[in-house]
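structure_21.txt, holding compact mmCIF, C-alpha atoms:
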```
# COMPACT_ATOMS: atom_id res chain seq x y z
CA MET M 13 -4.83 -1.09 8.51
CA SER M 14 -7.62 -2.20 10.78
CA ALA M 15 -7.56 -1.84 14.54
CA SER M 16 -10.24 -3.73 16.39
CA ASP M 17 -10.38 -3.71 20.21
CA GLU M 18 -7.72 -1.93 22.24
CA GLY M 19 -4.52 -3.93 22.07
CA GLU M 20 -5.58 -5.99 19.04
CA LEU M 21 -5.06 -5.84 15.28
CA THR M 22 -7.37 -7.36 12.68
CA LEU M 23 -5.57 -8.87 9.70
CA THR M 24 -6.49 -11.09 6.78
CA VAL M 25 -4.99 -14.47 5.93
CA ARG M 26 -5.31 -15.54 2.33
CA MET M 27 -6.24 -19.20 1.93
CA ARG M 28 -6.18 -20.79 -1.52
CA VAL M 29 -8.97 -23.34 -1.86
CA SER M 30 -10.39 -25.55 -4.59
CA PRO M 31 -13.79 -27.28 -4.66
CA GLU M 32 -14.19 -30.94 -5.46
CA PRO M 33 -14.65 -31.42 -9.23
CA GLU M 34 -18.22 -32.61 -8.85
CA GLY M 35 -19.12 -29.70 -6.55
CA GLN M 36 -17.55 -26.75 -8.38
CA GLN M 37 -20.61 -25.88 -10.46
CA ALA M 38 -22.87 -26.10 -7.41
CA ILE M 39 -20.66 -23.63 -5.50
CA LEU M 40 -20.58 -21.26 -8.49
CA ASN M 41 -24.38 -21.39 -8.73
CA LEU M 42 -24.61 -20.64 -5.00
CA MET M 43 -22.32 -17.62 -5.37
CA ARG M 44 -24.33 -16.32 -8.34
CA ARG M 45 -27.56 -16.58 -6.36
CA TYR M 46 -25.89 -14.83 -3.43
CA ARG M 47 -24.74 -11.99 -5.71
CA ASP M 48 -28.22 -11.52 -7.19
CA ALA M 49 -29.76 -11.64 -3.70
CA LEU M 50 -27.22 -9.07 -2.45
CA ASN M 51 -28.05 -6.61 -5.25
CA TYR M 52 -31.76 -7.04 -4.60
CA SER M 53 -31.27 -6.55 -0.86
CA VAL M 54 -29.28 -3.34 -1.34
CA ARG M 55 -32.05 -1.82 -3.47
CA VAL M 56 -34.79 -2.82 -1.02
CA ILE M 57 -32.87 -1.53 2.02
CA ILE M 58 -32.16 1.84 0.39
CA GLU M 59 -35.73 2.27 -0.87
CA ASN M 60 -37.25 1.45 2.52
CA GLY M 61 -34.55 2.90 4.76
CA ALA M 62 -34.25 -0.46 6.50
CA LEU M 63 -30.82 0.06 8.00
CA SER M 64 -31.40 -2.04 11.10
CA LEU M 65 -31.13 -5.82 11.30
CA THR M 66 -34.71 -6.13 12.57
CA LYS M 67 -36.25 -4.19 9.66
CA ALA M 68 -34.04 -5.89 7.08
CA HIS M 69 -34.91 -9.32 8.46
CA LYS M 70 -38.65 -8.66 8.20
CA LEU M 71 -38.36 -7.34 4.64
CA LEU M 72 -35.87 -9.77 3.15
CA TYR M 73 -35.35 -13.02 5.04
CA LYS M 74 -38.31 -14.98 3.68
CA GLU M 75 -37.80 -13.81 0.11
CA LEU M 76 -34.07 -14.55 0.12
CA ARG M 77 -34.84 -18.07 1.28
CA GLU M 78 -37.65 -18.79 -1.18
CA ARG M 79 -36.77 -16.72 -4.25
CA TYR M 80 -32.99 -17.17 -4.26
CA GLY M 81 -32.72 -20.54 -2.50
CA LEU M 82 -30.21 -19.39 0.11
CA THR M 83 -29.66 -21.25 3.35
CA SER M 84 -30.76 -19.60 6.58
CA ARG M 85 -27.22 -18.55 7.45
CA ALA M 86 -26.47 -17.29 3.91
CA ALA M 87 -29.65 -15.22 3.88
CA GLN M 88 -28.70 -13.53 7.16
CA ASP M 89 -25.14 -12.86 5.94
CA CYS M 90 -26.57 -11.47 2.70
CA TYR M 91 -28.77 -8.78 4.23
CA ARG M 92 -26.11 -7.95 6.84
CA GLU M 93 -23.65 -7.24 4.02
CA ALA M 94 -26.34 -5.31 2.14
CA ILE M 95 -26.88 -3.07 5.17
CA ALA M 96 -23.14 -2.32 5.32
CA ILE M 97 -23.08 -1.45 1.60
CA ALA M 98 -26.20 0.75 1.89
CA LYS M 99 -24.83 2.67 4.89
CA SER M 100 -21.52 3.29 3.15
CA TRP M 101 -23.29 4.57 0.03
CA LEU M 102 -25.67 6.81 1.96
CA ARG M 103 -22.77 8.38 3.91
CA ASN M 104 -21.01 9.36 0.68
CA PRO M 105 -21.93 12.98 -0.18
CA LYS M 106 -20.89 12.40 -3.81
CA ARG M 107 -22.78 9.15 -4.25
CA GLY M 108 -23.83 8.19 -7.75
CA LYS M 109 -25.89 5.20 -8.80
CA VAL M 110 -26.97 2.55 -6.35
CA PRO M 111 -23.98 0.18 -5.89
CA THR M 112 -24.15 -3.14 -7.72
CA ALA M 113 -22.06 -6.24 -7.03
CA LYS M 114 -20.61 -7.75 -10.21
CA GLY M 115 -17.96 -10.18 -9.00
CA LEU M 116 -18.63 -13.47 -7.25
CA SER M 117 -17.98 -13.34 -3.50
CA MET M 118 -19.72 -14.45 -0.29
CA TRP M 119 -19.52 -13.16 3.25
CA LEU M 120 -19.21 -16.06 5.71
CA VAL M 121 -19.44 -16.20 9.51
CA HIS M 122 -17.14 -18.68 11.26
CA GLY M 123 -18.87 -21.61 12.90
CA GLN M 124 -22.18 -21.05 11.13
CA GLY M 125 -21.29 -20.06 7.56
CA TYR M 126 -18.01 -21.99 7.29
CA ARG M 127 -15.60 -24.21 9.24
CA VAL M 128 -11.98 -25.16 8.59
CA LYS M 129 -11.50 -28.85 9.32
CA GLY M 130 -8.03 -30.21 8.60
CA ASP M 131 -7.31 -29.70 4.91
CA HIS M 132 -10.92 -28.87 3.96
CA VAL M 133 -13.30 -25.92 4.33
CA GLU M 134 -16.95 -26.77 4.88
CA LEU M 135 -19.64 -24.25 3.91
CA ALA M 136 -23.20 -24.14 5.22
CA GLY M 137 -25.30 -26.32 2.94
CA GLY M 138 -22.85 -29.21 2.67
CA TYR M 139 -20.32 -27.65 0.25
CA ARG M 140 -16.65 -28.61 0.64
CA LEU M 141 -13.45 -27.00 -0.64
CA ARG M 142 -9.96 -28.44 -0.42
CA VAL M 143 -7.31 -26.18 1.13
CA ILE M 144 -4.28 -25.78 -1.17
CA GLY M 145 -2.14 -23.48 0.96
CA TRP M 146 -2.15 -20.59 3.42
CA ASP M 147 0.08 -18.59 5.77
CA ARG M 148 0.67 -20.81 8.81
CA ARG M 149 2.09 -18.08 11.07
CA TYR M 150 -1.34 -17.23 12.47
CA ASP M 151 -2.74 -20.72 13.02
CA ASP M 152 -2.80 -20.21 16.80
CA PHE M 153 -5.31 -17.36 16.51
CA PRO M 154 -9.02 -18.15 16.07
CA ASN M 155 -10.74 -17.67 12.73
CA ARG M 156 -13.37 -14.96 12.40
CA GLU M 157 -15.46 -13.70 9.48
CA ALA M 158 -14.29 -14.71 6.02
CA ARG M 159 -15.00 -13.92 2.39
CA LEU M 160 -15.01 -16.53 -0.40
CA VAL M 161 -13.99 -14.97 -3.73
CA PHE M 162 -13.99 -16.44 -7.23
CA ARG M 163 -11.71 -14.53 -9.61
CA ASP M 164 -9.85 -15.53 -12.76
CA GLY M 165 -11.01 -19.13 -12.43
CA LYS M 166 -9.68 -19.55 -8.88
CA PHE M 167 -11.30 -19.70 -5.45
CA THR M 168 -9.76 -17.81 -2.53
CA LEU M 169 -10.92 -17.63 1.08
CA TYR M 170 -9.88 -14.50 2.97
CA VAL M 171 -10.06 -15.25 6.70
CA THR M 172 -9.85 -12.46 9.28
CA LYS M 173 -8.03 -12.93 12.59
CA ARG M 174 -7.30 -10.78 15.61
CA VAL M 175 -3.76 -10.73 16.91
CA PRO M 176 -2.25 -8.85 19.88
CA ARG M 177 -0.96 -5.40 19.06
CA PRO M 178 2.80 -5.34 19.80
CA ALA M 179 4.06 -2.67 22.15
CA LYS M 180 6.05 0.12 20.51
CA TYR M 181 9.69 0.42 21.59
CA ALA M 182 11.47 3.63 22.59
CA PRO M 183 13.29 4.69 19.39
CA LYS M 184 17.02 5.43 19.35
CA GLY M 185 16.76 7.63 16.28
CA VAL M 186 14.75 8.37 13.14
CA LEU M 187 14.65 6.77 9.68
CA ALA M 188 13.18 9.39 7.32
CA VAL M 189 11.33 8.53 4.10
CA ASP M 190 11.02 10.96 1.17
CA VAL M 191 8.73 9.89 -1.69
CA ASN M 192 9.38 11.07 -5.25
CA GLU M 193 8.13 10.12 -8.68
CA ARG M 194 11.16 8.09 -9.73
CA GLN M 195 12.66 7.01 -6.42
CA ILE M 196 12.12 6.68 -2.70
CA VAL M 197 14.88 8.07 -0.48
CA VAL M 198 15.33 6.43 2.94
CA GLY M 199 17.87 7.59 5.50
CA ASN M 200 18.86 10.10 8.14
CA SER M 201 21.85 12.31 8.99
CA ARG M 202 24.18 9.27 8.92
CA VAL M 203 22.98 6.94 6.16
CA GLU M 204 20.99 7.16 2.95
CA GLN M 205 19.63 4.77 0.35
CA ARG M 206 17.52 5.26 -2.78
CA ILE M 207 14.95 2.83 -4.14
CA GLU M 208 13.65 3.10 -7.69
CA THR M 209 9.90 3.13 -8.18
CA PRO M 210 8.22 0.95 -10.87
CA VAL M 211 6.02 3.80 -12.10
CA GLU M 212 7.40 3.69 -15.66
CA ARG M 213 6.82 -0.05 -15.92
CA ALA M 214 3.26 0.36 -14.67
CA LEU M 215 2.55 3.30 -16.99
CA ARG M 216 3.66 1.19 -19.93
CA TYR M 217 0.68 -1.12 -19.38
CA GLU M 218 -1.63 1.86 -18.85
CA ARG M 219 -0.55 3.26 -22.22
CA LEU M 220 -1.16 -0.08 -23.90
CA ALA M 221 -4.70 -0.07 -22.54
CA GLU M 222 -5.28 3.51 -23.70
CA ARG M 223 -4.03 2.72 -27.21
CA LEU M 224 -6.43 -0.18 -27.49
CA GLN M 225 -9.31 2.00 -26.35
CA GLU M 226 -8.39 4.72 -28.87
CA LYS M 227 -7.95 2.24 -31.70
CA TYR M 228 -11.36 0.65 -31.21
CA SER M 229 -13.31 3.85 -30.53
CA SER M 230 -14.95 6.53 -32.61
CA ALA M 231 -16.49 9.93 -32.04
CA ARG M 232 -19.94 8.33 -31.78
CA TYR M 233 -19.33 5.55 -29.25
CA SER M 234 -16.62 3.41 -27.63
CA ALA M 235 -16.64 0.30 -29.78
CA TRP M 236 -14.13 -1.52 -27.56
CA LEU M 237 -16.80 -1.87 -24.87
CA ARG M 238 -18.82 -4.11 -27.20
CA ARG M 239 -15.95 -6.42 -28.09
CA SER M 240 -15.32 -8.89 -25.32
CA GLY M 241 -11.78 -9.78 -26.46
CA ILE M 242 -10.62 -6.15 -26.50
CA ARG M 243 -12.41 -5.48 -23.23
CA ARG M 244 -10.62 -8.39 -21.54
CA ARG M 245 -7.27 -7.21 -22.90
CA VAL M 246 -7.81 -3.66 -21.61
CA ARG M 247 -8.84 -5.04 -18.23
CA TYR M 248 -5.69 -7.21 -18.14
CA PHE M 249 -3.37 -4.28 -18.87
CA ARG M 250 -4.94 -2.10 -16.18
CA ARG M 251 -4.88 -4.91 -13.62
CA LYS M 252 -1.22 -5.57 -14.46
CA ALA M 253 -0.31 -1.92 -13.86
CA LYS M 254 -2.15 -1.88 -10.55
CA ASN M 255 -0.54 -5.14 -9.39
CA ILE M 256 2.97 -3.86 -10.18
CA LEU M 257 2.51 -0.79 -7.98
CA GLU M 258 0.69 -2.68 -5.22
CA ASP M 259 3.36 -5.38 -5.03
CA TRP M 260 6.13 -2.79 -4.94
CA ALA M 261 4.41 -0.75 -2.22
CA ARG M 262 3.91 -3.79 0.03
CA LYS M 263 7.45 -5.08 -0.31
CA THR M 264 9.05 -1.65 0.01
CA ALA M 265 7.03 -0.87 3.13
CA HIS M 266 8.00 -4.24 4.63
CA THR M 267 11.68 -3.55 3.95
CA ILE M 268 11.63 -0.03 5.41
CA ILE M 269 9.85 -1.11 8.58
CA SER M 270 12.15 -4.14 8.91
CA LEU M 271 15.19 -1.84 8.80
CA ALA M 272 13.71 0.51 11.37
CA ARG M 273 12.76 -2.32 13.73
CA GLN M 274 16.20 -3.91 13.66
CA GLY M 275 17.89 -0.54 14.21
CA GLN M 276 15.32 0.44 16.90
CA LEU M 277 14.47 3.57 14.90
CA ALA M 278 11.23 5.46 14.43
CA VAL M 279 10.00 5.93 10.85
CA ALA M 280 9.17 9.47 9.75
CA ARG M 281 7.18 10.27 6.62
CA GLU M 282 5.52 13.38 5.22
CA ASP M 283 1.80 14.03 5.54
CA LEU M 284 0.84 14.13 1.85
CA THR M 285 -2.91 14.35 2.42
CA GLY M 286 -4.49 16.56 -0.22
CA LEU M 287 -1.47 16.37 -2.52
CA VAL M 288 -3.70 15.55 -5.50
CA GLU M 289 -5.03 19.12 -5.49
CA SER M 290 -1.56 20.57 -6.04
CA LEU M 291 -0.80 17.97 -8.72
CA ARG M 292 -3.36 19.56 -11.02
CA ARG M 293 -0.88 22.40 -11.67
CA LEU M 294 1.85 20.04 -12.96
CA PRO M 295 2.40 19.00 -16.60
CA LYS M 296 0.26 16.07 -17.68
CA SER M 297 3.12 13.54 -17.87
CA HIS M 298 4.28 14.23 -14.30
CA ARG M 299 0.72 14.43 -13.02
CA THR M 300 -0.16 11.05 -14.53
CA ALA M 301 2.95 9.38 -13.10
CA LEU M 302 2.45 10.77 -9.59
CA ILE M 303 -1.22 9.84 -9.50
CA ALA M 304 -0.41 6.32 -10.76
CA LEU M 305 2.31 5.89 -8.12
CA GLY M 306 -0.17 6.65 -5.36
CA TYR M 307 1.68 8.13 -2.39
CA ARG M 308 -1.16 7.07 -0.15
CA ARG M 309 -0.66 3.41 -1.12
CA LEU M 310 2.91 3.31 0.21
CA ALA M 311 1.97 5.34 3.32
CA PHE M 312 -0.91 2.94 4.03
CA TRP M 313 1.30 -0.15 3.95
CA MET M 314 4.07 1.54 5.95
CA ASP M 315 1.56 2.43 8.67
CA TRP M 316 0.20 -1.12 8.66
CA GLN M 317 3.62 -2.79 8.83
CA ALA M 318 4.59 -0.37 11.61
CA GLU M 319 1.50 -1.39 13.60
CA LYS M 320 2.31 -5.08 13.12
CA GLY M 321 5.97 -4.64 14.06
CA GLY M 322 5.57 -2.22 16.97
CA VAL M 323 7.59 0.44 15.14
CA PRO M 324 6.87 4.08 16.11
CA ILE M 325 5.83 6.12 13.08
CA LEU M 326 5.81 9.92 12.89
CA VAL M 327 4.02 12.09 10.33
CA VAL M 328 5.55 15.52 9.69
CA ASP M 329 4.48 18.64 7.81
CA PRO M 330 5.89 18.46 4.25
CA ALA M 331 6.01 22.24 3.73
CA GLY M 332 9.51 23.33 2.79
CA THR M 333 11.28 20.03 3.39
CA SER M 334 13.02 20.23 -0.01
CA SER M 335 13.66 23.97 -0.05
CA THR M 336 14.75 24.91 3.50
CA CYS M 337 18.29 24.59 4.85
CA PRO M 338 18.38 21.86 7.52
CA ARG M 339 21.24 23.69 9.27
CA CYS M 340 20.01 27.28 9.58
CA GLY M 341 16.47 27.27 8.14
CA THR M 342 17.26 29.68 5.27
CA GLU M 343 15.49 29.39 1.90
CA LEU M 344 17.76 27.45 -0.49
CA VAL M 345 18.69 28.46 -4.03
CA GLU M 346 19.35 26.25 -7.05
CA ALA M 347 22.97 25.24 -7.65
CA GLY M 348 22.56 22.68 -10.44
CA HIS M 349 20.31 19.87 -11.50
CA ARG M 350 18.34 18.88 -8.39
CA ARG M 351 21.02 20.51 -6.21
CA LEU M 352 20.41 23.32 -3.75
CA ARG M 353 22.70 25.66 -1.84
CA CYS M 354 22.16 27.78 1.25
CA PRO M 355 23.15 31.43 0.63
CA ARG M 356 23.70 31.95 4.35
CA CYS M 357 25.80 29.01 5.59
CA GLY M 358 26.97 27.58 2.23
CA LEU M 359 25.50 24.09 2.71
CA GLU M 360 25.03 22.42 -0.68
CA ALA M 361 23.33 19.08 -1.36
CA ASP M 362 20.92 17.12 -3.49
CA ARG M 363 17.32 18.20 -2.87
CA ASP M 364 16.33 14.69 -1.73
CA THR M 365 19.14 14.65 0.84
CA ILE M 366 17.92 18.04 2.05
CA ALA M 367 14.42 16.59 2.39
CA ILE M 368 15.67 13.60 4.41
CA LEU M 369 17.55 15.85 6.83
CA ASN M 370 14.55 18.15 7.29
CA ILE M 371 12.14 15.26 7.81
CA GLU M 372 14.51 13.79 10.40
CA ARG M 373 14.84 17.15 12.16
CA ARG M 374 11.07 17.64 12.35
CA ALA M 375 10.52 14.09 13.58
CA LEU M 376 13.16 14.52 16.29
CA SER M 377 11.46 17.76 17.27
CA GLN M 378 8.21 15.86 17.77
CA MET M 379 10.10 13.33 19.89
CA GLY M 380 11.66 16.13 21.94
CA GLY M 381 15.17 15.55 20.55
CA ALA M 382 17.53 17.56 18.39
CA LEU M 383 19.46 16.90 15.21
CA THR M 384 23.16 17.62 15.16
CA PRO M 385 23.71 19.90 12.13
CA PRO M 386 26.04 18.75 9.34
CA ASP M 387 29.65 19.42 10.35
CA CYS M 388 30.97 19.94 6.82
CA PRO M 389 32.78 23.30 6.39
CA PRO M 390 30.39 25.77 4.70
CA ASN M 391 32.51 26.41 1.60
CA ASP M 392 34.02 22.93 1.24
CA ARG M 393 30.93 21.23 -0.25
CA CYS M 394 31.98 17.99 1.47
CA LYS M 395 34.30 16.73 -1.22
CA PRO M 396 34.40 12.91 -1.25
CA GLU M 397 38.21 12.90 -1.31
CA GLN M 398 38.24 14.64 2.08
CA MET M 399 35.53 12.34 3.45
CA GLY M 400 37.49 9.17 2.62
CA GLY M 401 36.13 8.42 -0.86
CA THR M 402 38.33 7.72 -3.88
CA SER M 403 36.36 9.31 -6.74
CA PRO M 404 34.78 12.73 -7.24
CA PRO M 405 31.07 13.10 -8.03
CA LEU M 406 30.22 12.89 -11.71
CA GLY M 407 27.61 14.75 -13.70
CA ARG M 408 25.90 18.03 -13.16
CA GLY M 409 24.13 16.95 -10.00
CA GLY M 410 26.95 14.97 -8.45
CA GLY M 411 24.52 12.15 -7.78
CA GLN M 412 26.73 9.24 -8.87
CA VAL M 413 30.14 7.88 -7.95
CA GLU M 414 32.52 6.09 -10.28
CA GLY M 415 34.99 3.51 -9.01
CA PRO M 416 35.34 1.96 -5.53
CA VAL M 417 34.12 4.08 -2.66
CA ASN M 418 34.31 3.36 1.05
CA VAL M 419 30.75 2.23 1.86
CA ASP M 420 30.74 3.76 5.33
CA VAL M 421 31.64 7.09 3.79
CA ALA M 422 29.53 6.94 0.64
CA LEU M 423 26.38 6.37 2.68
CA VAL M 424 27.01 9.29 5.01
CA ALA M 425 24.34 11.82 4.16
CA ARG M 426 26.61 14.75 4.97
CA SER M 427 28.98 13.80 2.17
CA TYR M 428 26.15 14.13 -0.37
CA VAL M 429 27.62 11.27 -2.43
CA HIS M 430 25.06 8.62 -3.32
CA ARG M 431 25.36 5.12 -4.66
CA PRO M 432 24.18 4.47 -8.24
CA LEU M 433 20.46 3.73 -8.34
CA LYS M 434 20.72 -0.03 -8.86
CA GLU M 435 19.01 -1.17 -5.68
CA ARG M 436 15.69 -2.95 -5.86
CA PRO M 437 13.04 -3.23 -3.14
CA GLY M 438 14.15 -5.96 -0.76
CA GLU M 439 17.88 -5.25 -1.29
CA LEU M 440 18.09 -2.19 0.93
CA PRO M 441 21.33 -2.17 2.93
CA LEU M 442 20.76 -1.99 6.60
CA VAL M 443 21.02 0.98 8.88
CA ASN M 444 23.95 0.64 11.29
CA GLY M 445 25.22 -2.52 9.61
CA LEU M 446 22.07 -4.62 10.17
CA GLN M 447 20.49 -6.73 7.47
CA PRO M 448 16.79 -6.42 6.56
CA GLU M 449 14.44 -9.34 6.84
CA PRO M 450 13.61 -10.82 3.41
CA ALA M 451 10.34 -9.56 2.00
CA LEU M 452 7.56 -12.12 2.01
CA PRO M 453 6.17 -13.41 -1.30
CA TYR M 454 3.10 -11.52 -2.50
CA ASP M 455 0.78 -14.46 -1.88
CA THR M 456 1.74 -14.73 1.79
CA ILE M 457 1.69 -11.05 2.75
CA CYS M 458 -1.09 -10.45 5.26
CA GLY M 459 -2.91 -7.19 5.04
CA PRO M 460 -5.72 -5.37 6.79
CA VAL M 461 -9.38 -6.04 6.26
CA GLY M 462 -10.91 -4.15 3.35
```

How would this structure read if it were set down as C-alpha cells?
Amino acid sequence: MSASDEGELTLTVRMRVSPEPEGQQAILNLMRRYRDALNYSVRVIIENGALSLTKAHKLLYKELRERYGLTSRAAQDCYREAIAIAKSWLRNPKRGKVPTAKGLSMWLVHGQGYRVKGDHVELAGGYRLRVIGWDRRYDDFPNREARLVFRDGKFTLYVTKRVPRPAKYAPKGVLAVDVNERQIVVGNSRVEQRIETPVERALRYERLAERLQEKYSSARYSAWLRRSGIRRRVRYFRRKAKNILEDWARKTAHTIISLARQGQLAVAREDLTGLVESLRRLPKSHRTALIALGYRRLAFWMDWQAEKGGVPILVVDPAGTSSTCPRCGTELVEAGHRRLRCPRCGLEADRDTIAILNIERRALSQMGGALTPPDCPPNDRCKPEQMGGTSPPLGRGGGQVEGPVNVDVALVARSYVHRPLKERPGELPLVNGLQPEPALPYDTICGPVG
C-alpha cells in the first residue's frame, strides 16, 4: 500500500503495450542501454557518495549521454533511479553486494519521458507503443510516473495515479480473520466461513524445482546453473508457485474486504509481525508451508483493499487467541482433534472458532464495544439438533456436517458446526445475507507502487 499526500492513495494501473514491428528492436536496445547505464550509475554514486541530484548530475549526465546514448530525459531518470537504489542499499544494515539490475525496465516521467495519446504511448526519442488494454476505471485521474517493463517477451507499462482516499465508515460490527496453514477462517460471533489455502499446490511446484536442482547437482558444484534449459525450468516452477500464492492472496483479500464493506463491518486481523522467529521451532514440513504461504502477503493486500474501500481495519495481539476461552478467559484444554474445552465454564469448540471469537472480542474492545458471550448451556456442547440442524457432527473434531443443514444455523459460530471445506476464494457467502462483489481478474487488479 502506498499513501501519498493526506487524503490521497497512490496506485498502479497495468497497461499492456506492444511496439510497432519495425521499432521493437530499437526499444529493446534502448532498454538494454538504460540497464547498463543504471548499473554504472549505482556504482559511481555509491563510490563517490553522490546522493544528491546536483552531485549525481555533475558526475553522470554527460557520460550517460555520450557513452550510453541516452536522451536528456532518460539520462536524468537513470541517475534519479540510481540514487533511490543506492540510498535503499546504504540504509540496509545487512547489505551484501552492490545491487545490479538484470531485467529490462525503464523509469519514465509523464509529459517528458512518455505520453499516452489515444491508443498509443509515445516515449522520449520518438519511440511508439500500441496500447492493447488497461483498467479504464481510473481514466479520469492524471497519469504520473511510469515504468516500462519487458518480461517473458511482453511489454508492460505500469502507470501510477493518485486517487482520493475514501472516508472510513462507522462500523456496525467486526469481521475477524484467522490465518492458518491450510485454511483461512473468516467470521464473528454470528457467522463463519472457511477458505482453503493453495499452499499445497504451490509447494508442489517448489518441490519440482528442488528435485531438478538435486538431480543436476553434485558435491563439487551446482551443474544446473550452467545448463540454460534446466535453469529456465527451475525458474518457471518457482515463478509458478509464487504466482499461485500471490493471486490467491489478492483475490481472497478483495473478497474479505468486499464482504466487510457491504455489511458495514470492520475487519480484524492478528498482528503476526515476527512470526518467522517462532516458526523455526516447528517441524520442517510445517515451517516450509507456513513460510511459503506468507502471512504478510495476505495482510498486505487486506490493508491495501481496506484503504481503497474505506473499510476500518483493526490489528489485535495474537497471544492466546486459540487457547483462551472467549467467554471467561480461562486457559483451554484439548478435547479432541483441534477441539478445545474450557474447564471452568464448559465451552467447547474448534480452535479456529475460538480464535475468531477472541479476535472479535479484542477488536470490539479496541472500538470500545463488548461481545455478547456465547449463550449455549455450558454442558450442552451446542448440539446441532437443538440449534435447528438435522445431522450431528461427524468425525473426531466435529468439523463436518452430513446431509441438509439449515444454513442460518450451520453458519452460527456458537453452534460450532462448520460447512465442508469446499469453498474457493471468490465464493464466500455474505455476512448478513449480502453477496460479495466478484473478484477482479488478476490482470486488472490495481495494486500499490513497489

Who sits within 8 Å of range 322-325 of chain M, all atoms listed in the file, same chain under 5 positions skipped, as an mmCIF file with C-alpha atoms, keeping the file's coordinate frame:
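Dumped to result38.cif:
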```cif
data_model
loop_
_atom_site.group_PDB
_atom_site.id
_atom_site.type_symbol
_atom_site.label_atom_id
_atom_site.label_comp_id
_atom_site.auth_asym_id
_atom_site.auth_seq_id
_atom_site.Cartn_x
_atom_site.Cartn_y
_atom_site.Cartn_z
ATOM 1 C CA ARG M 177 -0.960 -5.400 19.060
ATOM 2 C CA PRO M 178 2.800 -5.340 19.800
ATOM 3 C CA ALA M 179 4.060 -2.670 22.150
ATOM 4 C CA LYS M 180 6.050 0.120 20.510
ATOM 5 C CA TYR M 181 9.690 0.420 21.590
ATOM 6 C CA ALA M 182 11.470 3.630 22.590
ATOM 7 C CA PRO M 183 13.290 4.690 19.390
ATOM 8 C CA ILE M 269 9.850 -1.110 8.580
ATOM 9 C CA ALA M 272 13.710 0.510 11.370
ATOM 10 C CA ARG M 273 12.760 -2.320 13.730
ATOM 11 C CA GLN M 276 15.320 0.440 16.900
ATOM 12 C CA LEU M 277 14.470 3.570 14.900
ATOM 13 C CA ALA M 278 11.230 5.460 14.430
ATOM 14 C CA VAL M 279 10.000 5.930 10.850
ATOM 15 C CA ALA M 280 9.170 9.470 9.750
ATOM 16 C CA ARG M 281 7.180 10.270 6.620
ATOM 17 C CA ASP M 315 1.560 2.430 8.670
#
```

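Each of M:Asp164, M:Ile57, M:Tyr80, M:Ser30 was checked against Ile144 in chain M using all atoms listed in the file; the smallest atom-to-atom distance is that of M:Ser30.
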
message: Give me the residues near range 124-136 of chain M as a PyMOL selection string, where near means some atom within 12 Å (using all atoms listed in the file) and where sequence neighbours in that chain fewer than 2 positions away do not count.
response: chain M and resi 27-32+35+38-39+42-43+82-90+118-122+138-146+151+154-160+167-171

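For the residues M:Leu224, M:Cys337, M:Ala361, M:Met314, ranking by smallest atom-to-atom distance to Thr267 in chain M using all atoms listed in the file places M:Met314 first.
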
Tell me which protein, DNA and RNA residues are within 7 Å of Ala367 in chain M, counting only C-alpha atoms, leaving out same-chain ones fewer than 2 positions away, and put them as a compact mmCIF listing (two decimals) with C-alpha atoms, in the coordinates of the input.
```txt
# COMPACT_ATOMS: atom_id res chain seq x y z
CA ASP M 190 11.02 10.96 1.17
CA THR M 333 11.28 20.03 3.39
CA SER M 334 13.02 20.23 -0.01
CA ARG M 363 17.32 18.20 -2.87
CA ASP M 364 16.33 14.69 -1.73
CA THR M 365 19.14 14.65 0.84
CA LEU M 369 17.55 15.85 6.83
CA ASN M 370 14.55 18.15 7.29
CA ILE M 371 12.14 15.26 7.81
```

field: Point-to-point distance from CA of Leu50 in chain M to CA of Arg103 in chain M, Å rounded to tenths
entry: 19.1 Å
